[in-house]
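Enquirer: Could you have a look at this structure, given as structure tokens, before my questions?
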Amino acid sequence: MWQPMQRLVITSMVLGAAWFSIDTAGQSGPAPSTRNGEWPYYTADLRGTKYSPLDQIDAGNFNNLEVAWRFKTDNLGTRPEFKLEGTPLMVGGVLYTTGGTRRSVVALDAKSGELLWTHRYPEGTRGANAPRQLSGRGVSYWTDGRGDDRVLYVTPGYRLIALNAKTGALVTSFGKGGVVDLKVGVVYGNGQQIDLVKGEIGLHSTPTVVKDTIIVGSSMKEGMTIETHNNTKGLVRAFDVRTGKLQWTFNTIPRPGEVGNDTWLNGSWAVNGNTGVWTQITVDEELGLVYLPVESPSSDYYGAKRPGNNLFGESLVAVDLKTGQRKWHFQLVHHPIWDHDISSAPILLDATIDGKPRKLVAQPSKQSFLYVFDRVTGVPIWPIVETPVPPGDVPGEWYAPTQPIPSKPPAYGRPGLRIPDELIDFTPEMRARAVENMTHYKWGGNFPYSGTLYNPPIVGNVKGLLGALNIGNASGGTNWPGAGADPETGIVYAQANLSAFTPESVAPPPPGFSDMEYQAGVVGQPFRLRVAAGTGTYADVQRQGAAAPAEAPAAPRAGGAPAPVYNAVEGLSMVKPPYGVLSAIDVNRGELKWQVPHGDTPDVVRNHPRLKGMTIPKTGQGGSVGVLVTKTLVIAADPLVTTTPEHPRGAMMRAYDKQSGKEVGAVWMPAPVSGSPMTYRVDGRQYIVIAVSGGNYSGEYIAFSLPDTASDTGGSR
Amino acid sequence: MRFAATFIAIAIAWLNLAAQSAETPAPSVWAGVYTAAQVARGDVAYRQECANCHGTTLEGGDMTPALVGGGFTSNWNDLTVGDLFERIRVTMPLDRPGKLTRQQNVDVIAFLLNANGWPEGKTELAVDLGTLKQIKIQSTRPAAQP
């Protein structure tokens, strides 16, 4: 017969084991999923697909969409925001997202848009110093499946905050009172802790929640004009989502003894920074691998202080979910000097290659290459060929002799520009002007695309060449809104900007501004500080009296001649249309399935006096927009405002047939898209929510749904 | 009787006004709504407060919209000069919103209108939001009135 104490011990052990199994299994119960009509991650799922199987909204009814509700973000902060980039989550009938100049968090009723709760975390000077301001891309969600439901986000001042999803209250058991100070443990140089208030680091993308782990990246100031190359070092960290306790750190600039450290010659790892992971991170839960899209080291256009290939700059890195240990990596650009940040979520797909099922990771890019790898091993599915590239001649710079160029699938945008074939040709005179303009830039050589891909920056001068022409970098191709995919078919859908005409030039900065001999600029032109979008807009900037971030010295601004304008022809783009496209890329075959211009022909083309009477096919629009993929549709909205005979001043959200690329519907919006659309279903009705803003239109989330056929009461607002 | 007369007078006045507004096209930036002197003042203010981000030739930057050319004119097409005034007043310069005086604000707008090819006139753009809200920004010149 058992003694009571023995019973108690055994019972405790059983309970303990049960607790342990639940705990280690991570989220139990019905996990939030797109299969339930929810949208629980920024990219819909952990795999970066932006895919929802919902099908109520289709080709036959898309044009009938009407506004279900709208949510203006003006009062989330001290002034309106004009660049609202969030994509809400929807879990259990509630939307969660960020908005406003303080990056407040809101919970909205998914049916009505009613504000359920709001959270604000004033950060004063720390927020005002943030390198990445604005309201960010949204939030992350975690549940234990038993009622502990949390919303997590990163503040402009780089704090990780856990909120009770039901109330918006801080989860006091997480970190210190609901907050983990992410600046603690962040370093520059060879290990010096950055200042907790002024130290340069932030994050505007959403952290990634997987099981009981939350993974957080890092972002620094815009890297074209910087005060020092020895700025904050990029890192990715994982925390326990229950407690906020640090689980692991991955150094994107490898330390001595770590793989890749030898790619920073002369010990330059110790005196360089940046190399953050500022965009969305994706995860294969089964493989236990985390895919990190890493950005450029300091500085964007001048890398003389960091000779070598500079791993893991502009590399896709797979690390172990439990330990953060590197499993494999592939560097897309060696010794980066073009601002080719890997700028969007890697997409995980299972496809059939040459008759065999394969686990893939597909990485969209500014170059408009879709880099496709076996996501277990990191081996390219199709050869990615190390191709000789011409060196440049900027004093002190180090040049990589080759760059990797994918053999398949074909580029879905413009990695480079074929000159003169891809210059504007509406009229012979315009073509002639463009050809003449091109004599003011460096290009050419035997390298593909007339030498405009990986064309190294020059020391530009107003009295000579103004820059080295590139087009698939900086703001070309696919940027932060990223691509999407259908996991059932293995088709990737990506929008690309084909008109980002980017002459790259460096010049000596004003004395005393920087410890680098060269920065983005042109000799003879006034120095211009390049700051990230929204810098200076943080809610507390004025109140705290924080100085404008690193304001440029006054003297150089006054001098110098105005730059001659050779980058346009009579107000029109130097490149011939299309200016922007939407593509379907079949990763089973490594082929383009279809490609169509995306966006109305801009007003400046349609109304141009020299083009009067001409029939110009739809040009599409430059700019970067995200896609939403549903059962039958690809949905993307226009990045520019137009006023056309078909619609009043505004921008259209369009639906395309997934099979053919044919546009099957469009709905009017009052302003351009500024965040990626998402979709969900609640009480049997499908909604699409999209963030719009720009020009004089402040940030707003707009929800669209089909008219209620059961009643004739209208009700749209 | 007096009441009826007053009513009729008001009604006639109203009808006159309605007729006037039907005949007179809404003022637009094509009507010459600023002066050369104002452009010169706006040039100075622009270079001091705006050029660092928007560029000396208003060409914009990687993160900053151009204030000249098709992107700018289509973005503001069908809105009013008052809308532009309010956008600047509320949010610009980014690091010190409201730093420009109202006079500097309209002077900068005059400079922008000039840079985009809208004609100058004999009257200064006034610091009056109600008036500015009446002036429509039109990217293309409206058809000539009969």
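Ordering of the structure tokens sets the chain letters (A, B, ...); residue numbers start at 1 within each chain; ligands are numbered from 1 in the order shown.
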At a cut-off of 10 Å, using only C-alpha atoms, what residues contact Arg41 (chain B)? Leave out same-chain residues fewer than 2 positions from it and give the result as a list of chain:residue names.
Expert: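 The residues satisfying every condition are B:Ala36, B:Ala37, B:Gln38, B:Val39, B:Asp43, B:Val44, B:Ala45, B:Tyr46, B:Gln103, B:Gln104, B:Val106, B:Asp107, B:Val108, B:Ala110, B:Phe111.
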Enquirer: I'd like the neighbourhood of region 186-203 of chain A as a PDB file with C-alpha atoms, in the first residue's frame, where a residue qualifies if any of its atoms comes within 9 Å (using only C-alpha atoms), though same-chain residues fewer than 4 positions away should be ignored.
Expert:
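For reference, around07.pdb as written:
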ATOM      1  CA  THR A 125      14.593  60.977 -26.581  1.00  0.00           C
ATOM      2  CA  ARG A 126      15.269  57.294 -27.144  1.00  0.00           C
ATOM      3  CA  GLY A 127      12.401  57.137 -29.630  1.00  0.00           C
ATOM      4  CA  ASN A 129      16.898  59.013 -31.841  1.00  0.00           C
ATOM      5  CA  ALA A 130      15.566  55.846 -33.447  1.00  0.00           C
ATOM      6  CA  PRO A 131      17.133  55.020 -36.810  1.00  0.00           C
ATOM      7  CA  ARG A 132      13.859  53.453 -37.982  1.00  0.00           C
ATOM      8  CA  GLN A 133      10.830  55.491 -36.986  1.00  0.00           C
ATOM      9  CA  GLY A 136       6.388  49.864 -38.433  1.00  0.00           C
ATOM     10  CA  VAL A 154       9.345  46.157 -31.199  1.00  0.00           C
ATOM     11  CA  THR A 155       9.159  49.860 -30.319  1.00  0.00           C
ATOM     12  CA  PRO A 156      11.012  52.518 -32.353  1.00  0.00           C
ATOM     13  CA  GLY A 157      13.486  52.712 -29.429  1.00  0.00           C
ATOM     14  CA  TYR A 158      14.187  48.965 -29.756  1.00  0.00           C
ATOM     15  CA  ARG A 159      12.274  47.443 -26.889  1.00  0.00           C
ATOM     16  CA  ASP A 181      15.399  46.184 -23.495  1.00  0.00           C
ATOM     17  CA  LEU A 182      16.800  44.988 -26.803  1.00  0.00           C
ATOM     18  CA  PRO A 207       9.466  39.771 -34.906  1.00  0.00           C
ATOM     19  CA  VAL A 216      14.155  39.611 -33.438  1.00  0.00           C
ATOM     20  CA  GLY A 217      16.354  41.211 -36.118  1.00  0.00           C
ATOM     21  CA  SER A 218      18.062  44.588 -36.252  1.00  0.00           C
ATOM     22  CA  SER A 219      18.246  47.688 -38.392  1.00  0.00           C
ATOM     23  CA  MET A 220      20.559  50.666 -38.429  1.00  0.00           C
ATOM     24  CA  LYS A 221      20.478  54.145 -40.007  1.00  0.00           C
ATOM     25  CA  ASN A 230      32.357  51.518 -36.882  1.00  0.00           C
ATOM     26  CA  ASN A 231      28.675  51.727 -36.036  1.00  0.00           C
ATOM     27  CA  THR A 232      26.393  49.211 -34.352  1.00  0.00           C
ATOM     28  CA  LYS A 233      26.885  45.583 -35.380  1.00  0.00           C
ATOM     29  CA  GLY A 234      23.896  43.690 -36.703  1.00  0.00           C
ATOM     30  CA  LEU A 235      22.551  40.691 -34.819  1.00  0.00           C
ATOM     31  CA  ARG A 255      33.630  37.131 -34.474  1.00  0.00           C
ATOM     32  CA  TRP A 269      35.300  42.836 -38.572  1.00  0.00           C
ATOM     33  CA  ALA A 270      36.243  44.801 -35.446  1.00  0.00           C
ATOM     34  CA  VAL A 271      35.816  48.276 -36.934  1.00  0.00           C
ATOM     35  CA  ASN A 272      32.702  47.909 -39.082  1.00  0.00           C
ATOM     36  CA  GLY A 273      29.008  47.780 -38.359  1.00  0.00           C
ATOM     37  CA  ASN A 274      25.503  47.441 -39.751  1.00  0.00           C
ATOM     38  CA  VAL A 277      18.419  41.801 -40.634  1.00  0.00           C
ATOM     39  CA  TRP A 278      15.743  44.423 -41.062  1.00  0.00           C
ATOM     40  CA  THR A 279      13.154  42.533 -43.027  1.00  0.00           C
TER      41      THR A 279
END
Enquirer: I'd like the interatomic distance between CA of Gln56 (chain A) and CA of Ser693 (chain A), to a tenth of an Å.
Expert: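 Distance reported for this atom pair: 27.0 Å.
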Enquirer: Quick one: pull the distance between CA of Asn36 (chain A) and CA of Asp149 (chain A), Å, one decimal.
Expert: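 For CA of Asn36 (chain A) relative to CA of Asp149 (chain A), the distance reads 17.1 Å.
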Enquirer: Residues of chain A within 8 Å of chain B, counting only C-alpha atoms - could you list those as a ChimeraX atom specification?
Expert: /A:79-80,474-475,526,528-537,541-542,547-548,557,562-563,571-572,602-604,607,640-643,649,695-696
Enquirer: Dump C-alpha atoms for the selected residues as a compact mmCIF listing (two decimals), in the first residue's frame?
Expert:
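out.txt, written as the output of this step:
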# COMPACT_ATOMS: atom_id res chain seq x y z
CA ARG A 79 0.90 64.19 -35.45
CA PRO A 80 -0.43 62.29 -38.43
CA ALA A 474 18.61 50.50 -53.96
CA SER A 475 14.87 50.74 -54.77
CA PRO A 526 26.10 70.16 -52.12
CA ARG A 528 23.07 65.68 -48.81
CA LEU A 529 22.43 63.60 -45.75
CA ARG A 530 20.42 60.49 -46.65
CA VAL A 531 18.11 59.47 -43.85
CA ALA A 532 15.59 56.66 -43.58
CA ALA A 533 11.97 57.36 -44.39
CA GLY A 534 10.22 58.95 -41.46
CA THR A 535 13.36 60.02 -39.63
CA GLY A 536 12.40 62.88 -37.34
CA THR A 537 8.70 62.04 -37.29
CA VAL A 541 10.75 64.58 -31.42
CA GLN A 542 9.46 68.08 -30.90
CA ALA A 547 18.12 67.53 -32.64
CA ALA A 548 17.54 66.52 -36.20
CA ARG A 557 24.80 73.23 -48.36
CA PRO A 562 22.81 72.77 -58.93
CA ALA A 563 23.09 69.33 -60.43
CA GLY A 571 9.85 64.76 -67.28
CA LEU A 572 9.61 61.11 -68.29
CA PRO A 602 1.10 57.43 -64.73
CA ASP A 603 -0.57 60.78 -65.40
CA VAL A 604 2.70 62.25 -66.59
CA ASN A 607 -1.12 63.68 -70.24
CA LEU A 640 0.96 55.93 -57.39
CA VAL A 641 -2.08 58.16 -57.52
CA THR A 642 -3.61 58.73 -60.93
CA THR A 643 -6.62 60.54 -62.34
CA ARG A 649 -8.06 60.84 -58.39
CA GLY A 695 0.78 62.82 -50.49
CA ASN A 696 -1.77 64.66 -48.39
Enquirer: Could you name the residues that touch Pro388 (chain A) at 8 Å or less, counting only C-alpha atoms, but leaving out those on the same chain fewer than 3 positions away, as a CSV table (one decimal) with C-alpha atoms, in the first residue's frame?
Expert:
chain,number,residue,atom,x,y,z
A,401,PRO,CA,36.3,39.8,-58.8
A,402,THR,CA,33.1,37.8,-59.4
A,403,GLN,CA,29.5,38.0,-58.5
Enquirer: What is the distance between CA of Pro119 (chain B) and CA of Pro672 (chain A), in Å to one decimal?
Expert: 28.6 Å
Enquirer: Ranking B:Val81, B:Gly32, B:Asn105, B:Thr123 by minimum distance to Lys136 (chain B) and counting only C-alpha atoms, which one comes first?
Expert: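 Using only C-alpha atoms, the shortest distance to Lys136 (chain B) belongs to B:Val81.
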Enquirer: Just want the 6 Å neighbourhood of Ala468 (chain A), counted on only C-alpha atoms, with same-chain residues fewer than 6 positions away dropped. Output as a list in words.
Expert: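 Listing them by chain and then by number gives Tyr441, Lys442, Pro457, Ile458, Pro503 and Glu504 of chain A.
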Enquirer: Measuring atom to atom with only C-alpha atoms, identify which of B:Ala66, B:Gln134, B:Val33, B:Cys50 is nearest to Trp118 (chain B).
Expert: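 Residue with the minimum atom-to-atom distance to Trp118 (chain B): B:Val33.
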Enquirer: DSSP on the backbone: which residues in region 69-141 of chain B end up as alpha helix (DSSP H)? Give the answer as a ChimeraX atom specification.
Expert: /B:70-76,81-91,102-115,129-132
Enquirer: Can you pull out every residue from region 18-182 of chain A that DSSP, working from the backbone, puts in strand (DSSP E or B), and format the result as a VMD selection string?
Expert: chain A and resid 39 51 66 to 72 89 to 91 94 to 99 104 to 109 115 to 119 140 to 143 149 to 154 159 to 164 170 176 179 to 181
